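Asks: I have a structure here, written as structure tokens, and I will follow up with some questions on it.
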Amino acid sequence: MSDMTFDKMVAQMTPAMYDSFKQAIALRKWPDGQRLSQAQTELCLEAVMKYEIAHGVPENERVGYFERGGCGTTDEAGESNAIKWMN
């Protein structure tokens, strides 16, 4: 029986595997076109997140990252880009 654990598998991931998992998550399918199940998507996402932490991927390059701009900020032209509610 194999002593391979999830964490050991993640530790052995190559950059190519990491990129492949990220693409599979984004497209919700494997490179061969077969759709990922919900469980596969979750496992791939967990593996990618653990890989990013273990390999020091900068936060702004990690999966799920989004720029935290505040509401009411202004753009380069000085115009407000606040969210406006319309009824």
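Going through the structure tokens in order, the chains are called A, B, and so on, while each chain numbers its residues from 1 and the ligands are numbered from 1 in the order shown.
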I'd like the contact shell of Ala26 in chain A - 12 Å cut-off, only C-alpha atoms, skipping same-chain residues fewer than 5 positions apart - returned as a ChimeraX atom specification.

Replies: /A:19-21,31,35-36,41-42,44-45,48,63-64

Asks: Looking at only C-alpha atoms, which of A:Pro58, A:Met49, A:Asp7, A:Gln12 is the one that sits closest to Ile25 in chain A?

Replies: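 With only C-alpha atoms as the atom set, the closest residue is A:Met49.
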
Asks: Report the distance between CA of Gln34 in chain A and CA of Met17 in chain A in Å, rounded to one decimal place.

Replies: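 Separating CA of Gln34 in chain A from CA of Met17 in chain A is a distance of 16.9 Å.
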
Asks: Using CA of Gln40 in chain A and CA of Glu67 in chain A as the two end points, give the distance in Å to one decimal.

Replies: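 Distance between the two atoms: 27.3 Å.
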
Asks: What does the distance from CA of Leu43 in chain A to CA of Gly56 in chain A come to in Å, to one decimal?

Replies: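 Going from CA of Leu43 in chain A over to CA of Gly56 in chain A, I get 19.9 Å.
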
Asks: My list of candidates is A:Lys50, A:Arg62, A:Lys22, A:Arg68. Which is closest to Lys8 in chain A when distances are computed with only C-alpha atoms?

Replies: A:Lys50
